[in-house]
$ cat start17.cif   # mmCIF, N, CA, C and O atoms
data_start
#
loop_
_atom_site.label_atom_id
_atom_site.label_comp_id
_atom_site.auth_asym_id
_atom_site.auth_seq_id
_atom_site.Cartn_x
_atom_site.Cartn_y
_atom_site.Cartn_z
N MET A 100 -42.99 170.46 -9.53
CA MET A 100 -43.73 171.35 -10.39
C MET A 100 -44.76 170.54 -11.16
O MET A 100 -44.45 169.53 -11.77
N SER A 101 -46.00 170.94 -11.13
CA SER A 101 -47.05 170.20 -11.80
C SER A 101 -47.22 170.67 -13.25
O SER A 101 -46.76 171.73 -13.63
N LYS A 102 -47.89 169.82 -14.02
CA LYS A 102 -48.17 170.12 -15.42
C LYS A 102 -49.66 169.93 -15.65
O LYS A 102 -50.23 168.92 -15.25
N THR A 103 -50.30 170.90 -16.30
CA THR A 103 -51.72 170.84 -16.59
C THR A 103 -51.92 170.61 -18.09
O THR A 103 -51.27 171.23 -18.91
N PHE A 104 -52.84 169.69 -18.41
CA PHE A 104 -53.19 169.37 -19.79
C PHE A 104 -54.67 169.64 -19.99
O PHE A 104 -55.51 169.15 -19.23
N THR A 105 -55.01 170.43 -21.00
CA THR A 105 -56.42 170.74 -21.26
C THR A 105 -57.10 169.52 -21.88
O THR A 105 -56.44 168.65 -22.45
N PRO A 106 -58.43 169.47 -21.80
CA PRO A 106 -59.16 168.34 -22.40
C PRO A 106 -59.01 168.27 -23.92
O PRO A 106 -59.31 167.26 -24.53
N HIS A 107 -58.54 169.34 -24.54
CA HIS A 107 -58.38 169.37 -26.00
C HIS A 107 -57.02 168.82 -26.44
O HIS A 107 -56.79 168.64 -27.63
N THR A 108 -56.13 168.55 -25.49
CA THR A 108 -54.81 168.02 -25.78
C THR A 108 -54.89 166.51 -25.86
O THR A 108 -55.27 165.86 -24.88
N LYS A 109 -54.53 165.93 -26.99
CA LYS A 109 -54.56 164.48 -27.14
C LYS A 109 -53.21 163.90 -26.73
O LYS A 109 -52.31 163.73 -27.55
N CYS A 110 -53.08 163.63 -25.44
CA CYS A 110 -51.85 163.06 -24.89
C CYS A 110 -52.23 162.01 -23.85
O CYS A 110 -53.40 161.87 -23.50
N CYS A 111 -51.26 161.28 -23.35
CA CYS A 111 -51.53 160.22 -22.39
C CYS A 111 -52.26 160.73 -21.14
O CYS A 111 -53.14 160.06 -20.63
N ALA A 112 -51.89 161.89 -20.67
CA ALA A 112 -52.50 162.42 -19.44
C ALA A 112 -54.01 162.64 -19.58
O ALA A 112 -54.73 162.63 -18.59
N THR A 113 -54.51 162.82 -20.79
CA THR A 113 -55.93 163.05 -21.00
C THR A 113 -56.62 161.83 -21.61
O THR A 113 -57.77 161.89 -22.02
N CYS A 114 -55.92 160.70 -21.67
CA CYS A 114 -56.45 159.48 -22.28
C CYS A 114 -57.04 158.53 -21.24
O CYS A 114 -56.48 158.33 -20.16
N ALA A 115 -58.16 157.93 -21.58
CA ALA A 115 -58.83 156.98 -20.69
C ALA A 115 -58.02 155.71 -20.48
O ALA A 115 -58.21 155.01 -19.48
N ASN A 116 -57.11 155.40 -21.38
CA ASN A 116 -56.35 154.16 -21.32
C ASN A 116 -55.02 154.27 -20.59
O ASN A 116 -54.29 153.30 -20.50
N TRP A 117 -54.71 155.45 -20.09
CA TRP A 117 -53.44 155.68 -19.40
C TRP A 117 -53.64 155.54 -17.89
O TRP A 117 -54.57 156.13 -17.33
N GLY A 118 -52.79 154.80 -17.23
CA GLY A 118 -52.94 154.54 -15.80
C GLY A 118 -51.96 155.28 -14.92
O GLY A 118 -51.68 154.85 -13.81
N GLY A 119 -51.44 156.38 -15.38
CA GLY A 119 -50.50 157.15 -14.57
C GLY A 119 -51.19 158.01 -13.54
O GLY A 119 -52.40 158.24 -13.60
N PRO A 120 -50.43 158.52 -12.57
CA PRO A 120 -51.01 159.37 -11.52
C PRO A 120 -51.41 160.74 -12.07
O PRO A 120 -50.60 161.44 -12.69
N ARG A 121 -52.68 161.09 -11.89
CA ARG A 121 -53.21 162.37 -12.36
C ARG A 121 -54.47 162.70 -11.59
O ARG A 121 -55.08 161.83 -10.98
N ILE A 122 -54.82 163.97 -11.61
CA ILE A 122 -56.06 164.41 -10.99
C ILE A 122 -56.77 165.35 -11.96
O ILE A 122 -56.17 165.86 -12.89
N VAL A 123 -58.06 165.54 -11.71
CA VAL A 123 -58.82 166.52 -12.48
C VAL A 123 -58.83 167.80 -11.65
O VAL A 123 -59.18 167.78 -10.47
N LYS A 124 -58.42 168.89 -12.26
CA LYS A 124 -58.38 170.17 -11.57
C LYS A 124 -58.92 171.24 -12.52
O LYS A 124 -58.34 171.47 -13.59
N LEU A 125 -60.05 171.82 -12.15
CA LEU A 125 -60.70 172.85 -12.96
C LEU A 125 -60.98 172.37 -14.38
O LEU A 125 -60.80 173.10 -15.35
N GLY A 126 -61.37 171.10 -14.53
CA GLY A 126 -61.71 170.55 -15.84
C GLY A 126 -60.53 170.11 -16.68
O GLY A 126 -60.70 169.72 -17.83
N ASN A 127 -59.33 170.17 -16.12
CA ASN A 127 -58.11 169.77 -16.82
C ASN A 127 -57.48 168.58 -16.11
O ASN A 127 -57.75 168.32 -14.94
N ALA A 128 -56.61 167.86 -16.81
CA ALA A 128 -55.84 166.78 -16.19
C ALA A 128 -54.53 167.38 -15.69
O ALA A 128 -53.87 168.14 -16.39
N GLU A 129 -54.16 167.02 -14.47
CA GLU A 129 -52.91 167.53 -13.89
C GLU A 129 -52.06 166.38 -13.40
O GLU A 129 -52.55 165.47 -12.74
N THR A 130 -50.77 166.42 -13.74
CA THR A 130 -49.79 165.44 -13.28
C THR A 130 -48.69 166.17 -12.51
O THR A 130 -48.61 167.39 -12.56
N ASP A 131 -47.85 165.40 -11.83
CA ASP A 131 -46.74 166.01 -11.09
C ASP A 131 -45.76 166.70 -12.04
O ASP A 131 -45.21 167.74 -11.71
N ALA A 132 -45.53 166.09 -13.20
CA ALA A 132 -44.58 166.63 -14.18
C ALA A 132 -44.93 166.06 -15.55
O ALA A 132 -45.58 165.02 -15.64
N PRO A 133 -44.50 166.70 -16.64
CA PRO A 133 -44.78 166.16 -17.97
C PRO A 133 -44.12 164.80 -18.20
O PRO A 133 -44.56 164.01 -19.03
N SER A 134 -43.06 164.51 -17.45
CA SER A 134 -42.34 163.25 -17.60
C SER A 134 -42.92 162.12 -16.75
O SER A 134 -42.37 161.01 -16.75
N THR A 135 -44.02 162.36 -16.03
CA THR A 135 -44.66 161.33 -15.23
C THR A 135 -45.04 160.16 -16.13
O THR A 135 -45.60 160.34 -17.20
N ARG A 136 -44.72 158.94 -15.71
CA ARG A 136 -45.00 157.75 -16.52
C ARG A 136 -46.14 156.95 -15.92
O ARG A 136 -46.38 156.97 -14.73
N GLY A 137 -46.83 156.24 -16.79
CA GLY A 137 -47.91 155.37 -16.36
C GLY A 137 -48.15 154.28 -17.37
O GLY A 137 -47.81 154.40 -18.54
N LYS A 138 -48.76 153.22 -16.93
CA LYS A 138 -49.06 152.07 -17.79
C LYS A 138 -50.14 152.43 -18.80
O LYS A 138 -51.11 153.09 -18.48
N CYS A 139 -49.96 151.96 -20.03
CA CYS A 139 -51.01 152.09 -21.05
C CYS A 139 -51.77 150.77 -21.04
O CYS A 139 -51.20 149.71 -21.29
N TYR A 140 -53.06 150.83 -20.76
CA TYR A 140 -53.86 149.61 -20.66
C TYR A 140 -54.21 149.00 -22.02
O TYR A 140 -54.76 147.91 -22.07
N LEU A 141 -53.86 149.66 -23.10
CA LEU A 141 -54.04 149.07 -24.43
C LEU A 141 -52.72 148.56 -25.00
O LEU A 141 -52.64 148.13 -26.14
N GLY A 142 -51.67 148.63 -24.19
CA GLY A 142 -50.38 148.06 -24.57
C GLY A 142 -49.56 148.86 -25.57
O GLY A 142 -48.71 148.31 -26.25
N VAL A 143 -49.79 150.18 -25.63
CA VAL A 143 -48.98 151.00 -26.53
C VAL A 143 -47.55 150.98 -26.00
O VAL A 143 -47.31 151.25 -24.83
N PRO A 144 -46.60 150.64 -26.85
CA PRO A 144 -45.21 150.54 -26.38
C PRO A 144 -44.63 151.89 -25.96
O PRO A 144 -45.03 152.93 -26.48
N ALA A 145 -43.72 151.83 -25.02
CA ALA A 145 -43.05 153.04 -24.52
C ALA A 145 -41.55 152.80 -24.54
O ALA A 145 -41.09 151.66 -24.64
N ASP A 146 -40.80 153.87 -24.42
CA ASP A 146 -39.35 153.75 -24.42
C ASP A 146 -38.78 153.40 -23.06
O ASP A 146 -37.59 153.24 -22.91
N ALA A 147 -39.63 153.31 -22.04
CA ALA A 147 -39.17 152.96 -20.69
C ALA A 147 -40.32 152.38 -19.88
O ALA A 147 -41.48 152.58 -20.19
N THR A 148 -39.97 151.68 -18.83
CA THR A 148 -40.97 151.15 -17.91
C THR A 148 -41.18 152.19 -16.84
O THR A 148 -40.23 152.83 -16.44
N PRO A 149 -42.33 152.46 -16.37
CA PRO A 149 -43.57 151.70 -16.46
C PRO A 149 -44.53 152.17 -17.54
O PRO A 149 -45.73 151.96 -17.42
N GLY A 150 -44.08 152.80 -18.58
CA GLY A 150 -44.97 153.15 -19.67
C GLY A 150 -44.70 154.54 -20.21
O GLY A 150 -43.73 155.20 -19.86
N PRO A 151 -45.61 154.99 -21.10
CA PRO A 151 -45.41 156.28 -21.74
C PRO A 151 -45.55 157.45 -20.77
O PRO A 151 -46.22 157.36 -19.75
N THR A 152 -44.93 158.56 -21.13
CA THR A 152 -45.01 159.77 -20.31
C THR A 152 -46.37 160.44 -20.48
O THR A 152 -47.08 160.20 -21.46
N ALA A 153 -46.71 161.30 -19.55
CA ALA A 153 -47.98 162.02 -19.58
C ALA A 153 -48.12 162.86 -20.84
O ALA A 153 -49.22 163.03 -21.35
N MET A 154 -47.03 163.36 -21.36
CA MET A 154 -47.10 164.25 -22.51
C MET A 154 -46.98 163.54 -23.86
O MET A 154 -47.01 164.17 -24.90
N HIS A 155 -46.89 162.21 -23.86
CA HIS A 155 -46.79 161.44 -25.10
C HIS A 155 -48.02 161.70 -25.97
O HIS A 155 -49.15 161.63 -25.50
N THR A 156 -47.81 162.01 -27.24
CA THR A 156 -48.92 162.30 -28.16
C THR A 156 -48.85 161.40 -29.38
O THR A 156 -47.88 160.68 -29.59
N GLY A 157 -49.89 161.47 -30.21
CA GLY A 157 -49.90 160.76 -31.48
C GLY A 157 -50.32 159.31 -31.42
O GLY A 157 -50.06 158.56 -32.34
N CYS A 158 -50.99 158.89 -30.39
CA CYS A 158 -51.41 157.50 -30.26
C CYS A 158 -52.67 157.24 -31.07
O CYS A 158 -53.67 157.95 -30.92
N PRO A 159 -52.68 156.20 -31.91
CA PRO A 159 -53.88 155.89 -32.68
C PRO A 159 -55.00 155.29 -31.83
O PRO A 159 -56.13 155.20 -32.29
N LYS A 160 -54.71 154.91 -30.59
CA LYS A 160 -55.71 154.30 -29.71
C LYS A 160 -56.24 155.29 -28.67
O LYS A 160 -56.89 154.90 -27.71
N TYR A 161 -55.98 156.57 -28.85
CA TYR A 161 -56.40 157.60 -27.90
C TYR A 161 -57.92 157.65 -27.73
O TYR A 161 -58.67 157.64 -28.70
N THR A 162 -58.36 157.70 -26.48
CA THR A 162 -59.77 157.89 -26.12
C THR A 162 -59.79 158.90 -24.98
O THR A 162 -59.12 158.69 -23.97
N LYS A 163 -60.55 159.97 -25.13
CA LYS A 163 -60.57 161.01 -24.09
C LYS A 163 -61.06 160.44 -22.76
O LYS A 163 -62.03 159.70 -22.69
N TRP A 164 -60.36 160.79 -21.69
CA TRP A 164 -60.69 160.38 -20.34
C TRP A 164 -62.05 160.96 -19.98
O TRP A 164 -62.29 162.16 -20.09
N SER A 165 -62.98 160.13 -19.55
CA SER A 165 -64.35 160.57 -19.28
C SER A 165 -64.45 161.62 -18.18
O SER A 165 -65.40 162.39 -18.16
N ALA A 166 -63.50 161.69 -17.30
CA ALA A 166 -63.51 162.70 -16.23
C ALA A 166 -63.35 164.11 -16.79
O ALA A 166 -63.67 165.08 -16.11
N LEU A 167 -62.91 164.24 -18.04
CA LEU A 167 -62.68 165.54 -18.64
C LEU A 167 -63.83 165.99 -19.53
O LEU A 167 -63.82 167.08 -20.06
N ARG A 168 -64.85 165.18 -19.67
CA ARG A 168 -65.97 165.54 -20.55
C ARG A 168 -66.94 166.45 -19.89
O ARG A 168 -67.08 166.58 -18.76
#

$ encode --input "start17.cif" --output "structure tokens"
Amino acid sequence: MSKTFTPHTKCCATCANWGGPRIVKLGNAETDAPSTRGKCYLGVPADATPGPTAMHTGCPKYTKWSALR
């Protein structure tokens, strides 16, 4: 089951610094599931490897992914 995140949602799936698997679909970021994990290229710590989940929010280093602009 996939999960869609709008460009207005400040979470890892919509962040330029997140390296998890995602695609742009109809102007939104889409992942396989909200629990999909990916590496944070700015080194934000996560509770598990390989990094924070797609739905992780509240990061002070958030930068909107340019594909969503």

$ residues_near_point --input "start17.cif" --point "(-45.4, 156.9, -17.6)" --cutoff "4.5 Å" --atoms "all atoms listed in the file" --output "PDB file with N, CA, C and O atoms, keeping the file's coordinate frame"
ATOM      1  N   THR A 135     -44.020 162.360 -16.030  1.00  0.00           N
ATOM      2  CA  THR A 135     -44.660 161.330 -15.230  1.00  0.00           C
ATOM      3  C   THR A 135     -45.040 160.160 -16.130  1.00  0.00           C
ATOM      4  O   THR A 135     -45.600 160.340 -17.200  1.00  0.00           O
ATOM      5  N   ARG A 136     -44.720 158.940 -15.710  1.00  0.00           N
ATOM      6  CA  ARG A 136     -45.000 157.750 -16.520  1.00  0.00           C
ATOM      7  C   ARG A 136     -46.140 156.950 -15.920  1.00  0.00           C
ATOM      8  O   ARG A 136     -46.380 156.970 -14.730  1.00  0.00           O
ATOM      9  N   GLY A 137     -46.830 156.240 -16.790  1.00  0.00           N
ATOM     10  CA  GLY A 137     -47.910 155.370 -16.360  1.00  0.00           C
ATOM     11  C   GLY A 137     -48.150 154.280 -17.370  1.00  0.00           C
ATOM     12  O   GLY A 137     -47.810 154.400 -18.540  1.00  0.00           O
ATOM     13  N   GLY A 150     -44.080 152.800 -18.580  1.00  0.00           N
ATOM     14  CA  GLY A 150     -44.970 153.150 -19.670  1.00  0.00           C
ATOM     15  C   GLY A 150     -44.700 154.540 -20.210  1.00  0.00           C
ATOM     16  O   GLY A 150     -43.730 155.200 -19.860  1.00  0.00           O
ATOM     17  N   PRO A 151     -45.610 154.990 -21.100  1.00  0.00           N
ATOM     18  CA  PRO A 151     -45.410 156.280 -21.740  1.00  0.00           C
ATOM     19  C   PRO A 151     -45.550 157.450 -20.770  1.00  0.00           C
ATOM     20  O   PRO A 151     -46.220 157.360 -19.750  1.00  0.00           O
ATOM     21  N   THR A 152     -44.930 158.560 -21.130  1.00  0.00           N
ATOM     22  CA  THR A 152     -45.010 159.770 -20.310  1.00  0.00           C
ATOM     23  C   THR A 152     -46.370 160.440 -20.480  1.00  0.00           C
ATOM     24  O   THR A 152     -47.080 160.200 -21.460  1.00  0.00           O
TER      25      THR A 152
END

$ resolve_selection --input "start17.cif" --expression "the PyMOL selection byres ((chain A and resi 124) around 8)" --output "PyMOL selection string"
chain A and resi 103-105+121-123+125-129+166

$ closest_residue --input "start17.cif" --among "A:Ser101, A:Lys163, A:Gly157, A:Lys138" --to "Thr113 (chain A)" --atoms "all atoms listed in the file"
A:Lys163

$ select_by_dssp --input "start17.cif" --residues "chain A" --states "strand (DSSP E)" --output "list in words"
Lys102, Thr103, Phe104, Ile122, Val123, Lys124, Asn127, Ala128, Glu129 and Thr130 of chain A

$ atom_distance --input "start17.cif" --atom1 "atom C of Ala112 (chain A)" --atom2 "CA of Lys160 (chain A)"
13.2 Å

$ closest_residue --input "start17.cif" --among "A:Thr162, A:Trp117, A:Leu167, A:Asp131" --to "Pro149 (chain A)" --atoms "only C-alpha atoms"
A:Trp117

$ atom_distance --input "start17.cif" --atom1 "atom C of Ala145 (chain A)" --atom2 "CA of Ser165 (chain A)"
24.7 Å

$ atom_distance --input "start17.cif" --atom1 "atom O of Asn116 (chain A)" --atom2 "atom N of Met154 (chain A)"
12.4 Å

$ residues_around --input "start17.cif" --residues "Tyr161 (chain A)" --least-positions-apart "5" --cutoff "8 Å" --atoms "all atoms listed in the file" --output "PDB file with N, CA, C and O atoms, in the coordinates of the input"
ATOM      1  N   LYS A 109     -54.530 165.930 -26.990  1.00  0.00           N
ATOM      2  CA  LYS A 109     -54.560 164.480 -27.140  1.00  0.00           C
ATOM      3  C   LYS A 109     -53.210 163.900 -26.730  1.00  0.00           C
ATOM      4  O   LYS A 109     -52.310 163.730 -27.550  1.00  0.00           O
ATOM      5  N   CYS A 110     -53.080 163.630 -25.440  1.00  0.00           N
ATOM      6  CA  CYS A 110     -51.850 163.060 -24.890  1.00  0.00           C
ATOM      7  C   CYS A 110     -52.230 162.010 -23.850  1.00  0.00           C
ATOM      8  O   CYS A 110     -53.400 161.870 -23.500  1.00  0.00           O
ATOM      9  N   CYS A 111     -51.260 161.280 -23.350  1.00  0.00           N
ATOM     10  CA  CYS A 111     -51.530 160.220 -22.390  1.00  0.00           C
ATOM     11  C   CYS A 111     -52.260 160.730 -21.140  1.00  0.00           C
ATOM     12  O   CYS A 111     -53.140 160.060 -20.630  1.00  0.00           O
ATOM     13  N   THR A 113     -54.510 162.820 -20.790  1.00  0.00           N
ATOM     14  CA  THR A 113     -55.930 163.050 -21.000  1.00  0.00           C
ATOM     15  C   THR A 113     -56.620 161.830 -21.610  1.00  0.00           C
ATOM     16  O   THR A 113     -57.770 161.890 -22.020  1.00  0.00           O
ATOM     17  N   CYS A 114     -55.920 160.700 -21.670  1.00  0.00           N
ATOM     18  CA  CYS A 114     -56.450 159.480 -22.280  1.00  0.00           C
ATOM     19  C   CYS A 114     -57.040 158.530 -21.240  1.00  0.00           C
ATOM     20  O   CYS A 114     -56.480 158.330 -20.160  1.00  0.00           O
ATOM     21  N   ALA A 115     -58.160 157.930 -21.580  1.00  0.00           N
ATOM     22  CA  ALA A 115     -58.830 156.980 -20.690  1.00  0.00           C
ATOM     23  C   ALA A 115     -58.020 155.710 -20.480  1.00  0.00           C
ATOM     24  O   ALA A 115     -58.210 155.010 -19.480  1.00  0.00           O
ATOM     25  N   ASN A 116     -57.110 155.400 -21.380  1.00  0.00           N
ATOM     26  CA  ASN A 116     -56.350 154.160 -21.320  1.00  0.00           C
ATOM     27  C   ASN A 116     -55.020 154.270 -20.590  1.00  0.00           C
ATOM     28  O   ASN A 116     -54.290 153.300 -20.500  1.00  0.00           O
TER      29      ASN A 116
END

$ select_by_dssp --input "start17.cif" --residues "chain A" --states "helix (DSSP H, G or I)" --output "number ranges by chain"
A: 111-113, 165-167

$ closest_residue --input "start17.cif" --among "A:Ala132, A:Cys158, A:Cys139, A:Ala147" --to "Pro120 (chain A)" --atoms "only N, CA, C and O atoms"
A:Ala132

$ closest_residue --input "start17.cif" --among "A:Gly119, A:Thr108, A:Thr148, A:Pro133" --to "Trp164 (chain A)" --atoms "only N, CA, C and O atoms"
A:Thr108

$ axis_aligned_box --input "start17.cif" --around "region 142-153 of chain A" --padding-each-side "3 Å" --output "JSON"
{"center_x": -44.6, "center_y": 155.5, "center_z": -21.6, "size_x": 20.1, "size_y": 21.0, "size_z": 16.5}
